[in-house]
$ cat run.cif   # mmCIF, C-alpha atoms and all ligand atoms
data_target
loop_
_atom_site.label_atom_id
_atom_site.label_comp_id
_atom_site.auth_asym_id
_atom_site.auth_seq_id
_atom_site.Cartn_x
_atom_site.Cartn_y
_atom_site.Cartn_z
CA MET A 1088 155.52 89.04 48.60
CA PRO A 1089 154.23 85.90 46.86
CA ASN A 1090 153.32 85.80 43.21
CA VAL A 1091 150.18 83.87 42.34
CA VAL A 1092 149.67 81.47 39.45
CA ILE A 1093 146.08 80.73 38.43
CA VAL A 1094 145.56 77.37 36.72
CA GLY A 1095 142.49 75.46 35.63
CA THR A 1096 142.21 72.03 37.25
CA GLN A 1097 139.75 70.57 34.73
CA TRP A 1098 139.14 70.97 30.96
CA GLY A 1099 139.12 74.77 30.98
CA ASP A 1100 136.16 77.11 31.51
CA GLU A 1101 136.52 76.84 35.29
CA GLY A 1102 135.77 80.55 35.69
CA LYS A 1103 139.39 81.67 35.85
CA GLY A 1104 138.61 85.02 34.19
CA LYS A 1105 136.48 86.17 37.10
CA ILE A 1106 139.03 85.09 39.71
CA VAL A 1107 141.86 86.77 37.79
CA ASP A 1108 139.71 89.89 37.61
CA ILE A 1109 139.20 89.89 41.40
CA LEU A 1110 142.86 89.18 42.17
CA SER A 1111 144.06 91.76 39.64
CA ASP A 1112 142.98 94.34 42.16
CA LYS A 1113 145.58 93.03 44.62
CA SER A 1114 148.37 92.60 42.07
CA ASP A 1115 150.53 95.01 40.07
CA ILE A 1116 151.04 92.96 36.92
CA VAL A 1117 148.91 90.31 35.18
CA VAL A 1118 150.68 87.93 32.81
CA ARG A 1119 149.33 85.53 30.17
CA PHE A 1120 151.88 82.78 29.54
CA GLN A 1121 150.37 80.25 27.13
CA GLY A 1122 147.52 79.65 24.70
CA GLY A 1123 146.08 82.36 22.53
CA PRO A 1124 142.67 83.44 21.23
CA ASN A 1125 141.29 79.97 21.96
CA ALA A 1126 140.76 81.27 25.52
CA GLY A 1127 137.57 83.11 26.38
CA HIS A 1128 137.74 84.73 29.80
CA THR A 1129 134.37 86.13 30.77
CA VAL A 1130 134.34 89.00 33.25
CA VAL A 1131 131.22 90.78 34.48
CA VAL A 1132 131.62 94.31 35.82
CA GLY A 1133 128.35 95.91 36.93
CA GLU A 1134 125.86 95.13 34.18
CA LYS A 1135 128.56 94.77 31.53
CA GLN A 1136 130.02 91.47 30.37
CA THR A 1137 133.41 91.45 28.63
CA ILE A 1138 134.99 88.39 27.04
CA LEU A 1139 138.76 88.55 26.77
CA HIS A 1140 140.64 86.24 24.44
CA GLN A 1141 144.26 87.39 24.21
CA VAL A 1142 144.53 90.41 26.48
CA PRO A 1143 144.97 89.57 30.20
CA SER A 1144 141.85 90.11 32.31
CA GLY A 1145 143.72 92.72 34.39
CA ILE A 1146 143.09 95.21 31.58
CA LEU A 1147 139.69 96.01 33.10
CA HIS A 1148 141.46 97.61 36.09
CA ASP A 1149 143.20 100.98 36.18
CA ASN A 1150 146.92 101.17 36.89
CA LYS A 1151 147.73 97.53 36.24
CA LYS A 1152 150.30 96.36 33.77
CA CYS A 1153 149.19 93.50 31.53
CA VAL A 1154 151.81 91.33 29.89
CA ILE A 1155 151.41 88.85 27.05
CA GLY A 1156 154.39 86.57 27.48
CA ASN A 1157 156.55 84.71 24.98
CA GLY A 1158 154.60 81.45 25.55
CA VAL A 1159 151.42 82.87 24.02
CA VAL A 1160 150.59 82.59 20.31
CA ILE A 1161 149.16 85.86 19.12
CA ASP A 1162 146.80 86.53 16.24
CA PRO A 1163 147.52 90.17 15.34
CA GLU A 1164 144.30 90.56 13.36
CA THR A 1165 141.97 89.59 16.21
CA PHE A 1166 144.33 91.15 18.78
CA VAL A 1167 143.81 94.59 17.23
CA ASP A 1168 140.03 94.01 17.10
CA GLU A 1169 140.01 92.94 20.74
CA ILE A 1170 141.94 96.03 21.82
CA ASN A 1171 139.50 98.27 19.92
CA GLU A 1172 136.56 96.49 21.50
CA ILE A 1173 137.97 96.86 25.04
CA LYS A 1174 138.72 100.55 24.41
CA SER A 1175 135.22 101.13 23.03
CA GLN A 1176 133.83 99.82 26.34
CA GLY A 1177 135.74 102.56 28.17
CA TYR A 1178 138.61 100.41 29.48
CA PHE A 1179 142.34 100.52 28.64
CA THR A 1180 142.76 104.27 28.31
CA ASP A 1181 146.55 104.17 28.70
CA ASP A 1182 148.48 102.21 26.04
CA SER A 1183 151.44 101.71 28.37
CA ALA A 1184 149.26 99.30 30.38
CA LEU A 1185 149.86 96.51 27.87
CA ALA A 1186 153.10 94.80 26.86
CA LEU A 1187 153.49 92.10 24.22
CA SER A 1188 156.55 89.87 24.12
CA GLU A 1189 158.73 90.36 21.07
CA THR A 1190 159.38 86.62 21.00
CA ALA A 1191 155.75 85.47 21.11
CA HIS A 1192 154.89 83.50 17.97
CA LEU A 1193 152.29 84.73 15.53
CA ILE A 1194 149.18 82.97 14.34
CA MET A 1195 149.23 83.52 10.59
CA PRO A 1196 146.19 83.41 8.27
CA TYR A 1197 147.31 80.01 6.94
CA HIS A 1198 147.35 78.58 10.48
CA LYS A 1199 143.66 79.35 10.87
CA ARG A 1200 142.73 77.89 7.49
CA ILE A 1201 144.77 74.74 8.16
CA ASP A 1202 143.21 74.31 11.63
CA ILE A 1203 139.64 74.44 10.29
CA ALA A 1204 140.30 72.41 7.12
CA ARG A 1205 142.21 69.74 9.02
CA GLU A 1206 139.37 69.32 11.48
CA ASN A 1207 136.89 68.89 8.61
CA HIS A 1208 139.25 66.41 6.99
CA LYS A 1209 139.45 64.33 10.18
CA GLY A 1210 135.67 63.89 10.30
CA LYS A 1211 134.59 61.94 13.38
CA ASN A 1212 138.16 61.83 14.71
CA LYS A 1213 138.38 65.59 14.96
CA ILE A 1214 139.74 67.19 18.14
CA GLY A 1215 136.98 69.80 18.26
CA THR A 1216 139.43 72.72 18.22
CA THR A 1217 138.33 76.32 18.51
CA GLY A 1218 139.46 76.86 14.90
CA ARG A 1219 141.71 79.75 15.90
CA GLY A 1220 144.91 78.32 14.39
CA ILE A 1221 146.44 77.41 17.77
CA GLY A 1222 147.80 73.94 16.90
CA PRO A 1223 149.35 74.90 13.54
CA ALA A 1224 151.01 77.97 15.10
CA TYR A 1225 152.60 75.96 17.93
CA GLU A 1226 153.66 73.30 15.40
CA ASP A 1227 155.61 75.91 13.48
CA LYS A 1228 157.17 77.22 16.68
CA VAL A 1229 158.45 73.77 17.62
CA SER A 1230 159.56 72.89 14.07
CA ARG A 1231 161.47 76.21 14.03
CA ASN A 1232 159.48 77.65 11.13
CA GLY A 1233 157.44 80.06 13.23
CA ILE A 1234 157.24 83.80 12.71
CA ARG A 1235 157.72 85.76 15.92
CA VAL A 1236 156.37 89.22 16.71
CA ILE A 1237 159.84 90.72 16.28
CA ASP A 1238 160.26 89.17 12.82
CA ILE A 1239 157.52 91.22 11.21
CA PHE A 1240 159.40 94.43 12.05
CA ASN A 1241 162.26 93.47 9.74
CA ASP A 1242 161.02 93.48 6.13
CA ALA A 1243 163.74 91.19 4.78
CA VAL A 1244 163.38 88.60 7.55
CA PHE A 1245 159.59 88.66 7.36
CA ARG A 1246 159.54 88.28 3.57
CA ARG A 1247 161.99 85.37 3.67
CA LYS A 1248 160.16 83.53 6.46
CA LEU A 1249 156.78 84.11 4.88
CA SER A 1250 157.85 82.89 1.47
CA GLU A 1251 159.57 79.78 2.90
CA ASN A 1252 156.44 78.99 4.91
CA LEU A 1253 154.02 79.59 2.06
CA LYS A 1254 155.82 77.10 -0.19
CA GLU A 1255 154.94 74.35 2.28
CA LYS A 1256 151.61 75.68 3.52
CA ASN A 1257 150.16 76.31 0.06
CA PHE A 1258 151.22 72.87 -1.10
CA TYR A 1259 149.57 71.27 1.95
CA LEU A 1260 146.43 73.40 1.68
CA GLU A 1261 145.94 72.92 -2.06
CA ASN A 1262 147.07 69.33 -2.52
CA TYR A 1263 146.05 67.65 0.71
CA LEU A 1264 143.27 69.70 2.27
CA ASN A 1265 141.69 70.89 -1.00
CA GLU A 1266 141.70 74.49 0.13
CA LYS A 1267 142.89 77.72 -1.45
CA GLY A 1268 146.48 78.79 -0.81
CA PHE A 1269 147.64 82.31 0.14
CA ASP A 1270 149.31 85.14 -1.72
CA GLY A 1271 152.49 86.21 0.12
CA GLU A 1272 152.28 89.88 -0.88
CA GLU A 1273 148.73 90.16 0.44
CA ILE A 1274 149.76 88.78 3.83
CA PHE A 1275 152.87 90.95 3.84
CA SER A 1276 150.97 94.21 3.30
CA LYS A 1277 148.24 93.24 5.76
CA PHE A 1278 150.87 92.55 8.44
CA VAL A 1279 152.81 95.74 7.70
CA ALA A 1280 149.59 97.64 8.46
CA LEU A 1281 148.99 95.55 11.59
CA ARG A 1282 152.52 95.97 12.91
CA GLU A 1283 152.03 99.73 13.06
CA LYS A 1284 149.03 99.17 15.33
CA ILE A 1285 150.81 96.80 17.73
CA LYS A 1286 154.28 98.38 17.71
CA LYS A 1287 153.67 100.41 20.86
CA TYR A 1288 153.08 97.27 22.93
CA VAL A 1289 156.04 95.18 21.75
CA THR A 1290 158.95 94.80 24.15
CA ASN A 1291 161.27 92.39 25.99
CA THR A 1292 158.68 91.29 28.55
CA SER A 1293 161.04 88.85 30.32
CA LEU A 1294 163.39 91.72 31.14
CA TYR A 1295 160.48 93.94 32.15
CA LEU A 1296 159.19 91.26 34.56
CA TYR A 1297 162.67 90.68 35.99
CA HIS A 1298 162.98 94.36 36.92
CA ALA A 1299 159.41 94.42 38.24
CA LEU A 1300 160.25 91.55 40.59
CA LYS A 1301 163.33 93.38 41.80
CA ASP A 1302 161.01 96.29 42.62
CA ASN A 1303 158.83 93.92 44.71
CA ARG A 1304 155.86 94.20 42.41
CA LYS A 1305 153.18 91.53 42.76
CA ILE A 1306 152.60 89.34 39.73
CA LEU A 1307 149.49 87.37 38.89
CA PHE A 1308 149.95 84.69 36.22
CA GLU A 1309 146.74 84.06 34.30
CA GLY A 1310 146.53 80.50 32.98
CA ALA A 1311 144.25 79.65 30.10
CA GLN A 1312 142.47 76.35 29.32
CA GLY A 1313 142.93 73.67 32.01
CA THR A 1314 145.32 70.93 33.13
CA LEU A 1315 143.40 68.20 31.30
CA LEU A 1316 144.03 70.14 28.07
CA ASP A 1317 147.80 70.31 28.70
CA VAL A 1318 149.67 68.82 25.74
CA ASP A 1319 151.80 66.62 28.06
CA HIS A 1320 149.51 65.96 31.01
CA GLY A 1321 146.02 66.14 29.51
CA THR A 1322 143.78 63.72 27.66
CA TYR A 1323 146.08 63.55 24.62
CA PRO A 1324 145.35 63.91 21.71
CA PHE A 1325 142.17 65.72 22.80
CA VAL A 1326 144.13 68.61 24.25
CA THR A 1327 145.32 72.03 23.23
CA SER A 1328 148.83 72.51 21.80
CA SER A 1329 150.47 74.30 24.72
CA ASN A 1330 151.47 73.39 28.26
CA THR A 1331 148.71 74.77 30.42
CA ALA A 1332 150.27 73.64 33.72
CA ALA A 1333 151.73 76.04 36.28
CA ALA A 1334 155.36 75.37 35.33
CA GLN A 1335 154.63 77.04 32.00
CA ALA A 1336 154.09 80.32 33.87
CA SER A 1337 157.86 80.37 34.19
CA LEU A 1338 158.82 79.30 30.65
CA GLY A 1339 156.08 81.30 28.99
CA SER A 1340 157.02 84.53 30.74
CA GLY A 1341 160.80 84.21 30.92
CA LEU A 1342 161.01 84.23 34.73
CA GLY A 1343 162.68 81.39 36.63
CA PRO A 1344 160.57 78.75 38.43
CA LYS A 1345 161.53 79.99 41.91
CA ASN A 1346 159.40 83.06 41.27
CA LEU A 1347 156.18 81.04 41.35
CA ASP A 1348 154.80 80.99 44.87
CA THR A 1349 151.09 80.39 45.44
CA ILE A 1350 149.57 78.04 42.88
CA LEU A 1351 145.83 78.57 42.99
CA GLY A 1352 143.90 75.78 41.26
CA ILE A 1353 140.49 76.78 39.99
CA ALA A 1354 137.91 74.00 40.10
CA LYS A 1355 134.34 74.34 39.00
CA ALA A 1356 131.96 72.77 41.56
CA TYR A 1357 131.00 70.33 38.77
CA THR A 1358 132.80 69.51 35.51
CA THR A 1359 132.44 70.72 31.92
CA ARG A 1360 134.23 70.06 28.69
CA VAL A 1361 133.97 71.45 25.14
CA GLY A 1362 135.26 69.59 22.13
CA SER A 1363 135.78 65.86 21.77
CA GLY A 1364 137.46 63.35 24.07
CA PRO A 1365 136.77 61.21 27.11
CA PHE A 1366 134.83 62.67 30.04
CA PRO A 1367 134.16 59.99 32.71
CA THR A 1368 131.60 61.91 34.79
CA GLU A 1369 129.63 63.31 31.84
CA LEU A 1370 125.84 63.44 32.37
CA GLU A 1371 123.75 63.17 29.24
CA ASP A 1372 120.50 63.29 31.21
CA SER A 1373 118.27 65.91 32.85
CA THR A 1374 120.92 66.66 35.52
CA GLY A 1375 123.44 67.44 32.76
CA LYS A 1376 120.86 69.76 31.20
CA PHE A 1377 120.19 71.34 34.63
CA LEU A 1378 123.91 72.15 35.01
CA ARG A 1379 124.17 73.49 31.44
CA ASP A 1380 121.07 75.70 31.76
CA ASN A 1381 121.74 76.87 35.31
CA GLY A 1382 125.44 77.47 34.69
CA GLY A 1383 125.04 79.09 31.23
CA GLU A 1384 127.45 76.48 29.93
CA TYR A 1385 128.08 77.66 26.38
CA GLY A 1386 131.61 78.29 25.04
CA ALA A 1387 132.81 81.91 25.45
CA THR A 1388 134.90 81.66 22.26
CA THR A 1389 132.78 79.45 20.01
CA GLY A 1390 129.30 79.48 21.60
CA ARG A 1391 129.27 75.66 21.57
CA PRO A 1392 127.18 73.97 24.32
CA ARG A 1393 129.51 72.53 26.93
CA ARG A 1394 129.29 68.91 28.01
CA CYS A 1395 128.46 68.79 31.75
CA GLY A 1396 128.96 66.28 34.56
CA TRP A 1397 129.68 65.73 38.26
CA ILE A 1398 132.87 66.97 39.86
CA ASP A 1399 135.70 64.51 39.24
CA LEU A 1400 138.24 64.49 42.04
CA ALA A 1401 140.46 62.02 40.16
CA VAL A 1402 140.88 64.89 37.69
CA VAL A 1403 141.38 67.56 40.37
CA LYS A 1404 143.92 65.40 42.23
CA HIS A 1405 145.81 64.78 38.98
CA ALA A 1406 145.87 68.55 38.41
CA ALA A 1407 146.99 69.15 42.01
CA ARG A 1408 150.00 66.88 41.50
CA ILE A 1409 151.00 68.20 38.06
CA ASN A 1410 150.75 71.85 39.12
CA SER A 1411 151.89 71.71 42.78
CA ILE A 1412 148.58 73.33 43.66
CA THR A 1413 148.83 74.94 47.08
CA HIS A 1414 145.24 76.22 47.37
CA LEU A 1415 141.92 75.69 45.65
CA CYS A 1416 139.20 78.05 44.53
CA LEU A 1417 135.77 76.51 43.88
CA THR A 1418 133.67 78.29 41.28
CA LYS A 1419 130.00 78.21 40.30
CA MET A 1420 128.90 76.73 43.64
CA ASP A 1421 125.57 78.55 43.20
CA VAL A 1422 124.78 76.41 40.12
CA LEU A 1423 124.41 73.31 42.33
CA SER A 1424 121.65 74.89 44.46
CA GLY A 1425 118.42 72.95 44.07
CA LEU A 1426 119.90 69.50 43.56
CA GLU A 1427 118.61 66.85 46.00
CA ASN A 1428 121.89 64.93 46.01
CA ILE A 1429 125.31 65.61 44.48
CA LYS A 1430 127.71 62.95 43.28
CA VAL A 1431 131.46 63.23 43.67
CA CYS A 1432 133.73 61.00 41.60
CA THR A 1433 136.57 59.74 43.79
CA GLY A 1434 138.39 57.52 41.26
CA TYR A 1435 137.92 55.00 38.44
CA THR A 1436 137.71 51.23 38.10
CA HIS A 1437 138.68 49.31 34.99
CA ASP A 1438 138.20 45.54 34.58
CA GLY A 1439 137.11 45.44 38.21
CA ARG A 1440 140.31 47.09 39.50
CA LEU A 1441 140.65 50.53 41.06
CA LEU A 1442 143.04 52.58 38.93
CA PRO A 1443 145.96 54.08 40.88
CA GLY A 1444 145.89 57.44 39.06
CA PHE A 1445 144.59 59.20 36.00
CA PRO A 1446 145.00 56.77 33.05
CA ALA A 1447 147.18 57.87 30.11
CA ASP A 1448 145.44 55.50 27.71
CA PHE A 1449 142.32 57.33 26.67
CA GLU A 1450 140.63 54.10 25.58
CA ILE A 1451 140.87 52.96 29.21
CA LEU A 1452 139.60 56.33 30.31
CA GLU A 1453 136.67 55.99 27.92
CA LYS A 1454 135.79 52.51 29.18
CA CYS A 1455 136.48 52.94 32.90
CA SER A 1456 133.70 53.36 35.45
CA SER A 1457 133.62 56.28 37.84
CA VAL A 1458 133.42 55.51 41.55
CA TYR A 1459 130.95 57.91 43.18
CA GLU A 1460 130.17 59.05 46.68
CA GLU A 1461 126.84 60.80 47.09
CA VAL A 1462 126.41 63.81 49.35
CA ALA A 1463 123.25 65.71 50.23
CA GLY A 1464 122.53 68.85 48.23
CA TRP A 1465 120.97 72.15 49.37
CA LYS A 1466 117.93 74.09 48.21
CA GLU A 1467 118.92 77.60 49.34
CA ASP A 1468 120.03 80.29 46.89
CA ILE A 1469 123.64 80.97 47.90
CA SER A 1470 124.39 83.68 45.34
CA ALA A 1471 124.37 86.47 47.96
CA ALA A 1472 126.71 84.72 50.42
CA THR A 1473 129.88 86.69 51.12
CA GLU A 1474 131.08 84.63 54.08
CA TYR A 1475 131.65 80.94 54.57
CA ALA A 1476 129.33 80.86 57.58
CA GLN A 1477 126.44 82.05 55.36
CA LEU A 1478 126.59 78.87 53.28
CA PRO A 1479 124.06 76.13 54.09
CA GLU A 1480 125.47 73.27 56.14
CA ASN A 1481 125.37 70.84 53.21
CA ALA A 1482 127.29 73.27 50.98
CA GLN A 1483 129.94 73.55 53.70
CA LYS A 1484 130.06 69.74 53.95
CA TYR A 1485 130.54 69.50 50.17
CA ILE A 1486 133.50 71.88 50.35
CA ALA A 1487 134.98 70.08 53.36
CA TYR A 1488 134.65 66.77 51.50
CA ILE A 1489 136.57 68.16 48.50
CA GLU A 1490 139.28 69.47 50.86
CA GLU A 1491 139.50 66.11 52.61
CA LEU A 1492 139.81 64.08 49.41
CA THR A 1493 142.28 66.38 47.66
CA GLY A 1494 144.22 67.36 50.80
CA ILE A 1495 144.18 70.99 49.61
CA PRO A 1496 142.50 73.91 51.39
CA VAL A 1497 139.71 75.76 49.58
CA ILE A 1498 140.39 79.46 50.11
CA MET A 1499 137.96 81.08 47.67
CA ILE A 1500 134.41 80.17 46.63
CA SER A 1501 132.63 81.89 43.76
CA VAL A 1502 128.83 82.01 43.96
CA GLY A 1503 127.87 84.04 40.89
CA THR A 1504 129.21 85.91 37.87
CA ARG A 1505 129.68 89.32 39.51
CA ARG A 1506 132.84 90.60 41.18
CA LYS A 1507 131.17 90.77 44.59
CA GLN A 1508 129.83 87.22 44.47
CA VAL A 1509 132.81 85.57 46.08
CA ILE A 1510 133.74 84.25 49.50
CA THR A 1511 137.40 84.83 50.27
CA ILE A 1512 138.59 82.73 53.17
CA LYS A 1513 142.24 83.68 52.61
CA ASP A 1514 143.87 86.15 50.24
CA PRO A 1515 146.11 84.13 47.86
CA PHE A 1516 148.68 86.96 47.91
CA SER A 1517 149.14 86.66 51.67
CA VAL A 1518 148.89 82.95 52.44
P1 LIG B 1601 142.55 74.40 20.32
O1 LIG B 1601 143.17 74.93 21.56
O2 LIG B 1601 141.71 75.40 19.58
O3 LIG B 1601 143.54 73.71 19.42
O4 LIG B 1601 141.50 73.25 20.76
C1 LIG B 1601 141.93 72.01 21.34
C2 LIG B 1601 140.97 71.55 22.43
O5 LIG B 1601 141.07 72.44 23.53
C3 LIG B 1601 139.50 71.53 22.02
O6 LIG B 1601 138.86 70.48 22.69
C4 LIG B 1601 138.98 72.87 22.52
O7 LIG B 1601 137.60 72.83 22.75
C5 LIG B 1601 139.77 72.97 23.83
N1 LIG B 1601 139.96 74.35 24.29
C6 LIG B 1601 140.82 75.26 23.80
N2 LIG B 1601 140.73 76.41 24.47
C7 LIG B 1601 139.81 76.22 25.43
C8 LIG B 1601 139.29 77.05 26.48
O8 LIG B 1601 139.71 78.21 26.69
N3 LIG B 1601 138.34 76.48 27.25
C9 LIG B 1601 137.91 75.20 27.09
N4 LIG B 1601 138.37 74.41 26.12
C10 LIG B 1601 139.31 74.91 25.30
#

$ encode --input "run.cif" --output "structure tokens"
Amino acid sequence: MPNVVIVGTQWGDEGKGKIVDILSDKSDIVVRFQGGPNAGHTVVVGEKQTILHQVPSGILHDNKKCVIGNGVVIDPETFVDEINEIKSQGYFTDDSALALSETAHLIMPYHKRIDIARENHKGKNKIGTTGRGIGPAYEDKVSRNGIRVIDIFNDAVFRRKLSENLKEKNFYLENYLNEKGFDGEEIFSKFVALREKIKKYVTNTSLYLYHALKDNRKILFEGAQGTLLDVDHGTYPFVTSSNTAAAQASLGSGLGPKNLDTILGIAKAYTTRVGSGPFPTELEDSTGKFLRDNGGEYGATTGRPRRCGWIDLAVVKHAARINSITHLCLTKMDVLSGLENIKVCTGYTHDGRLLPGFPADFEILEKCSSVYEEVAGWKEDISAATEYAQLPENAQKYIAYIEELTGIPVIMISVGTRRKQVITIKDPFSV
């Protein structure tokens, strides 16, 4: 029984939330393994739209277990708000449906303040973060100063860690970033109240998943952000602070790498990016505006307009290699309807030479030229298509071209925001 890992092949916002929602139905357990509330997974059920940030998208289904693994950074304040919001919409009626790793690291109030103040301080060199404290929380994890979920349940440990951290954080905030520092007692009491609300979810999720595998339960790993935002393999430094690639599904959940079977790469039929950094196929013209308006391309977490451009197969091929992608899912195909011609970037040239792969030097990436092939578009509305054969010939040719250039089969195609608006050529759990 294969487990499925969902990863973004671009700069995030590929529509993973919807695909995870659909595949949740076929799985027993949905696991988040990296990132935190920087993610915004939009799921539309009936007329209702829900945006999930920290809780796995499987929570909108009955009888599924949702796990937040050790690789996630969790903000307990917004986590509690998110749970209340999901419950108020009528979902998540059984608390045992959610498990939070005891070794996940916490996003503390000072992480959020540092994230925002540091971005302001950087001015035009800012990363364009979501301001949710992600980078500072992962920094503390790696520098071994982090506070884990389990730590806040031991008063003495929590007090000691908090006070050690605040000595440094307050100095940095007050003397370098010109911001207010924090009072340790205030944070302590706030977190003591919060820990009571999250206690019921906290457990050893690695052990839980190990036993679930032994019981042949099907696991869906829900990646957040995208490969080009991976801290090792993305457009560094304009990346997020976690590994977003498929291998992290193992480390961030505490299951060995041999448990990852199908790696389903999600690629939007065009490309978008939020935040700063190079974007070779970006369109700052009327076609870019067409994609933004037609695709509703505004950040689910921050509301920022997304930068839009043609599909970049140099990016998707890079992601395919990094993640061992076995199958592709194309999303938002319907957004391209109405375009006369569609361009596909097949690689880059720099100083007149074709680059062999995705360049690590972002100055080269900024200066390189995209090599395009142009294919014919289609006028038909494809949002009601439920089978491949119902797609116009040119849409089929576009998909075949992507398969040919990447060497990876496309097994799912999303043609709208709703659950039903999908063409499933093969079920990722039984490929
Ligand atoms: P951070 O993850 O908030 O530190 O932001 C770092 C970069 O990753 C910024 O360019 C963000 O816009 C981008 N980013 C973070 N999370 C997401 C996401 O879920 N979708 C798209 N971009 C994201």

$ residues_near_ligand --input "run.cif" --ligand "ligand LIG 1601 (chain B)" --cutoff "9 Å" --atoms "all atoms listed in the file" --output "PyMOL selection string"
chain A and resi 1098-1101+1122-1128+1140+1202+1214-1223+1311-1313+1316-1317+1324-1329+1359-1364+1386-1389+1391+1393

$ residues_around --input "run.cif" --residues "A:Lys1277" --least-positions-apart "5" --cutoff "9 Å" --atoms "all atoms listed in the file" --output "list in words"
Glu1164, Glu1272 and Arg1282 of chain A

$ residues_around --input "run.cif" --residues "stretch 1151-1162 of chain A" --least-positions-apart "6" --cutoff "8 Å" --atoms "all atoms listed in the file" --output "count of residues only"
39

$ atom_distance --input "run.cif" --atom1 "atom CA of A:Cys1455" --atom2 "atom CA of A:Ile1353"
25.2 Å

$ closest_residue --input "run.cif" --among "A:Gly1444, A:Gly1352, A:Gly1390, A:Pro1344" --to "A:Met1499" --atoms "all atoms listed in the file"
A:Gly1352

$ atom_distance --input "run.cif" --atom1 "atom CA of A:Ser1144" --atom2 "atom CA of A:Leu1300"
20.2 Å

$ closest_residue --input "run.cif" --among "A:Val1458, A:Val1509, A:Leu1260, A:Leu1351" --to "A:Tyr1197" --atoms "all atoms listed in the file"
A:Leu1260

$ residues_around --input "run.cif" --residues "A:Gly1425" --least-positions-apart "4" --cutoff "12 Å" --atoms "all atoms listed in the file" --output "PyMOL selection string"
chain A and resi 1374+1377-1378+1381+1420-1421+1429+1463-1469+1479+1481-1482

$ build_atoms --input "run.cif" --residues "stretch 1356-1367 of chain A" --atoms "N, CA, C and O atoms" --output "CSV table (one decimal), keeping the file's coordinate frame"
chain,number,residue,atom,x,y,z
A,1356,ALA,N,132.6,73.7,40.6
A,1356,ALA,CA,132.0,72.8,41.6
A,1356,ALA,C,131.4,71.5,40.9
A,1356,ALA,O,130.9,70.6,41.6
A,1357,TYR,N,131.4,71.5,39.6
A,1357,TYR,CA,131.0,70.3,38.8
A,1357,TYR,C,132.0,70.3,37.6
A,1357,TYR,O,133.1,70.9,37.8
A,1358,THR,N,131.8,69.6,36.6
A,1358,THR,CA,132.8,69.5,35.5
A,1358,THR,C,132.2,69.8,34.2
A,1358,THR,O,131.0,69.5,33.9
A,1359,THR,N,132.9,70.5,33.3
A,1359,THR,CA,132.4,70.7,31.9
A,1359,THR,C,133.6,70.5,31.0
A,1359,THR,O,134.8,70.5,31.3
A,1360,ARG,N,133.2,70.2,29.7
A,1360,ARG,CA,134.2,70.1,28.7
A,1360,ARG,C,133.6,70.5,27.4
A,1360,ARG,O,132.5,70.2,27.1
A,1361,VAL,N,134.4,71.2,26.5
A,1361,VAL,CA,134.0,71.4,25.1
A,1361,VAL,C,134.9,70.7,24.2
A,1361,VAL,O,136.1,70.4,24.6
A,1362,GLY,N,134.4,70.4,23.1
A,1362,GLY,CA,135.3,69.6,22.1
A,1362,GLY,C,135.2,68.1,22.4
A,1362,GLY,O,134.5,67.7,23.4
A,1363,SER,N,135.9,67.3,21.6
A,1363,SER,CA,135.8,65.9,21.8
A,1363,SER,C,136.7,65.3,22.9
A,1363,SER,O,137.4,66.1,23.5
A,1364,GLY,N,136.6,64.0,23.1
A,1364,GLY,CA,137.5,63.4,24.1
A,1364,GLY,C,136.7,62.8,25.3
A,1364,GLY,O,135.6,63.2,25.6
A,1365,PRO,N,137.4,61.9,26.0
A,1365,PRO,CA,136.8,61.2,27.1
A,1365,PRO,C,136.4,62.2,28.3
A,1365,PRO,O,137.1,63.1,28.5
A,1366,PHE,N,135.3,61.8,28.9
A,1366,PHE,CA,134.8,62.7,30.0
A,1366,PHE,C,134.1,61.7,31.0
A,1366,PHE,O,132.9,61.5,30.8
A,1367,PRO,N,134.8,61.1,31.9
A,1367,PRO,CA,134.2,60.0,32.7
A,1367,PRO,C,132.9,60.4,33.5
A,1367,PRO,O,132.0,59.5,33.7
